[in-house]
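> Provided herewith is a single structure, encoded as structure tokens, for subsequent inquiry.
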Amino acid sequence: MAFNILKFFQPKDRVFYNLFEKVVQNNTLLGKKLKELVFTADFNDRQNIIVQIEGLEHDNDEITHQIFTELGKNFITPFDREDIHYLASALDDIADYIQSSAKKINFYKVNPDDQGFQKFAEIIEQGTELLHTAVMELRNMKNVGSITNAIVKINSLENQGDDIYDMSIERLFATEPDAKEVIKKREIFQVMELVTDKMEDAANVIESILVKYA
């Protein structure tokens, strides 16, 4: 019933849906660019991809700032103000950590041709696509099953991320003789694992919204 009442105010609060949709569209592109990066051998080609990633991350910072500004201005919101804040923060963190992963690869001059990096990039790309699906469905709440399915898959990807991290670190210590390389690669794995954590955080907020309003 509460959601039906909120629909009455839809023209006024539609701005939040527009902004969230822009964020997840950018995050999807970021996921694709990260995957492209780790499958690119040339340092300079990777640098060009990183410039694109930085541009997308900067755009998301601006959009997230708009969300928080609108939150302060608008009395009517499409769902709980707390949920809007948490979702915006989690989506922004995804972009931040993707950018951080990409920058560290070239800053540390690490060869990304590593099974762990590539598997992480693949599940991050999948996760951003699933979040895009879920957020795009929030506007009308007509396909709750699609949102729920995306949430379940994102939770599974986070578990896969934990496994990839553990196996990658185990392999790193077993096979890498250079202590500096161990430190650099472990830090990148840690940041990539944080991306999957933040994807799950965003999915959890969406699940909370479904429970309240679907």
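Here's how to read the names in the structure tokens: chain A, B, ... by the order shown, residue numbers from 1 in each chain, ligand numbers from 1 in the order shown.
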Could you give me, as a Markdown table, every stretch 136-194 of chain A residue with an atom at most 12 Å from stretch 68-86 of chain A, plus its closest atom pair and distance in Å to one decimal, counting only C-alpha atoms, rows ordered by chain then number?

| residue | atom | partner | partner_atom | distance |
| --- | --- | --- | --- | --- |
| A:Leu138 | CA | A:Pro78 | CA | 9.5 |
| A:Arg139 | CA | A:Pro78 | CA | 8.6 |
| A:Asn140 | CA | A:Pro78 | CA | 10.5 |
| A:Met141 | CA | A:Pro78 | CA | 11.4 |
> Determine, for each residue of stretch 82-121 of chain A having at least one atom at most 12 Å from an atom of stretch 15-33 of chain A, the closest pair of atoms and their separation in Å to one decimal, counting only C-alpha atoms; order by chain and ascending number, as JSON lines.

{"residue": "A:Asp83", "atom": "CA", "partner": "A:Phe16", "partner_atom": "CA", "distance": 11.8}
{"residue": "A:Ile84", "atom": "CA", "partner": "A:Phe16", "partner_atom": "CA", "distance": 8.4}
{"residue": "A:His85", "atom": "CA", "partner": "A:Phe16", "partner_atom": "CA", "distance": 10.9}
{"residue": "A:Tyr86", "atom": "CA", "partner": "A:Phe20", "partner_atom": "CA", "distance": 12.0}
{"residue": "A:Leu87", "atom": "CA", "partner": "A:Phe20", "partner_atom": "CA", "distance": 8.7}
{"residue": "A:Ala88", "atom": "CA", "partner": "A:Phe20", "partner_atom": "CA", "distance": 7.4}
{"residue": "A:Ser89", "atom": "CA", "partner": "A:Val23", "partner_atom": "CA", "distance": 10.9}
{"residue": "A:Ala90", "atom": "CA", "partner": "A:Val23", "partner_atom": "CA", "distance": 10.9}
{"residue": "A:Leu91", "atom": "CA", "partner": "A:Val23", "partner_atom": "CA", "distance": 7.2}
{"residue": "A:Asp92", "atom": "CA", "partner": "A:Val23", "partner_atom": "CA", "distance": 7.9}
{"residue": "A:Asp93", "atom": "CA", "partner": "A:Asn27", "partner_atom": "CA", "distance": 10.2}
{"residue": "A:Ile94", "atom": "CA", "partner": "A:Asn27", "partner_atom": "CA", "distance": 7.4}
{"residue": "A:Ala95", "atom": "CA", "partner": "A:Asn27", "partner_atom": "CA", "distance": 6.1}
{"residue": "A:Asp96", "atom": "CA", "partner": "A:Asn27", "partner_atom": "CA", "distance": 9.9}
{"residue": "A:Tyr97", "atom": "CA", "partner": "A:Leu30", "partner_atom": "CA", "distance": 10.3}
{"residue": "A:Ile98", "atom": "CA", "partner": "A:Leu30", "partner_atom": "CA", "distance": 7.0}
{"residue": "A:Gln99", "atom": "CA", "partner": "A:Leu30", "partner_atom": "CA", "distance": 8.0}
{"residue": "A:Ser100", "atom": "CA", "partner": "A:Leu30", "partner_atom": "CA", "distance": 11.5}
{"residue": "A:Ser101", "atom": "CA", "partner": "A:Gly31", "partner_atom": "CA", "distance": 11.2}
{"residue": "A:Ala102", "atom": "CA", "partner": "A:Lys33", "partner_atom": "CA", "distance": 9.1}
{"residue": "A:Gln118", "atom": "CA", "partner": "A:Lys32", "partner_atom": "CA", "distance": 11.8}
{"residue": "A:Phe120", "atom": "CA", "partner": "A:Gly31", "partner_atom": "CA", "distance": 10.3}
{"residue": "A:Ala121", "atom": "CA", "partner": "A:Gly31", "partner_atom": "CA", "distance": 7.2}
> Taking C-alpha atoms for each residue, export the selection above as a tab-separated table (two decimals), in the first residue's frame.

chain	number	residue	atom	x	y	z
A	83	ASP	CA	18.13	2.98	1.62
A	84	ILE	CA	18.80	5.67	-0.99
A	85	HIS	CA	21.93	6.73	0.90
A	86	TYR	CA	23.18	3.16	1.37
A	87	LEU	CA	22.54	2.19	-2.25
A	88	ALA	CA	24.23	5.31	-3.61
A	89	SER	CA	27.23	4.74	-1.35
A	90	ALA	CA	27.61	1.06	-2.29
A	91	LEU	CA	27.35	1.77	-6.02
A	92	ASP	CA	29.87	4.59	-5.70
A	93	ASP	CA	32.25	2.29	-3.81
A	94	ILE	CA	32.04	-0.26	-6.65
A	95	ALA	CA	33.24	2.41	-9.10
A	96	ASP	CA	35.96	3.59	-6.71
A	97	TYR	CA	37.39	0.12	-6.15
A	98	ILE	CA	37.26	-0.79	-9.84
A	99	GLN	CA	39.25	2.35	-10.58
A	100	SER	CA	41.67	1.57	-7.75
A	101	SER	CA	42.22	-1.97	-9.06
A	102	ALA	CA	42.95	-0.69	-12.55
A	118	GLN	CA	41.10	-12.36	-14.94
A	120	PHE	CA	37.97	-11.52	-10.64
A	121	ALA	CA	37.42	-9.18	-13.60
> Between stretch 70-122 of chain A and stretch 157-178 of chain A, at 9 Å or less, what are the per-residue closest atom pairs and their distances in Å? Count only C-alpha atoms, order by chain and rising residue number, and return it as a tab-separated table.

residue	atom	partner	partner_atom	distance
A:Gln115	CA	A:Ser168	CA	8.1
A:Gly116	CA	A:Ser168	CA	5.5
A:Phe117	CA	A:Ser168	CA	8.5
A:Lys119	CA	A:Ile164	CA	7.4
A:Phe120	CA	A:Gly161	CA	6.6
> Run DSSP on the backbone and tell me which residues of stretch 53-126 of chain A come out as alpha helix (DSSP H); list them as a PyMOL selection string.
chain A and resi 53-73+81-107+115-126
> What does the distance from atom CA of A:Ile206 to atom CA of A:Leu131 come to in Å, to one decimal?
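Distance between the two atoms: 9.2 Å.
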> Point out the residue among A:Arg14, A:Leu194, A:Ala202, A:Val38 with the least atom-to-atom distance to A:Ile151, counting only C-alpha atoms.
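Smallest distance to A:Ile151 is found for A:Ala202.
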> Within 12 Å of A:Val51, counting only C-alpha atoms, which residues show up once you throw out same-chain ones fewer than 2 positions away? Write them as a PyMOL selection string, please.
chain A and resi 30+33-34+37+44-49+53-58+99+102-103+106
> Just to be explicit: take each residue in the selection above, keep C-alpha atoms, and write the result as a tab-separated table (two decimals), in the first residue's frame.

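Saved result, out21.tsv, follows:
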chain	number	residue	atom	x	y	z
A	30	LEU	CA	33.50	0.10	-15.72
A	33	LYS	CA	36.72	-1.88	-19.05
A	34	LEU	CA	38.31	-3.66	-16.09
A	37	LEU	CA	42.31	-4.13	-18.99
A	44	ASN	CA	50.39	1.86	-22.93
A	45	ASP	CA	47.16	0.28	-24.17
A	46	ARG	CA	46.24	-0.42	-20.54
A	47	GLN	CA	46.98	3.20	-19.68
A	48	ASN	CA	44.46	4.34	-22.29
A	49	ILE	CA	41.84	2.05	-20.77
A	53	ILE	CA	37.92	4.15	-16.33
A	54	GLU	CA	38.91	7.33	-14.50
A	55	GLY	CA	36.46	9.33	-16.61
A	56	LEU	CA	33.59	6.98	-15.81
A	57	GLU	CA	34.46	6.96	-12.11
A	58	HIS	CA	34.56	10.78	-12.07
A	99	GLN	CA	39.25	2.35	-10.58
A	102	ALA	CA	42.95	-0.69	-12.55
A	103	LYS	CA	45.33	2.05	-11.41
A	106	ASN	CA	49.77	-0.17	-14.01
> Give me, please, the distance in Å between atom CA of A:Ala150 and atom CA of A:Ala134, quoted to one decimal.
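One can read the atom CA of A:Ala150 to atom CA of A:Ala134 distance as 6.2 Å.
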> Within 10 Å of A:Lys184, counting only C-alpha atoms, which residues qualify if same-chain residues fewer than 3 places away don't, as a ChimeraX atom specification?
/A:104-105,107-110,179-181,187-189
> Select, from A:Ile154, A:Ile63, A:Val135, A:Val144, the residue with the minimum atom-to-atom distance to A:Lys198, counting only C-alpha atoms.
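Nearest to A:Lys198: A:Ile154.
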> Rounded to one decimal, what separation in Å do you get between atom CA of A:Gly145 and atom CA of A:Ile209?
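Separation of atom CA of A:Gly145 and atom CA of A:Ile209: 13.7 Å.
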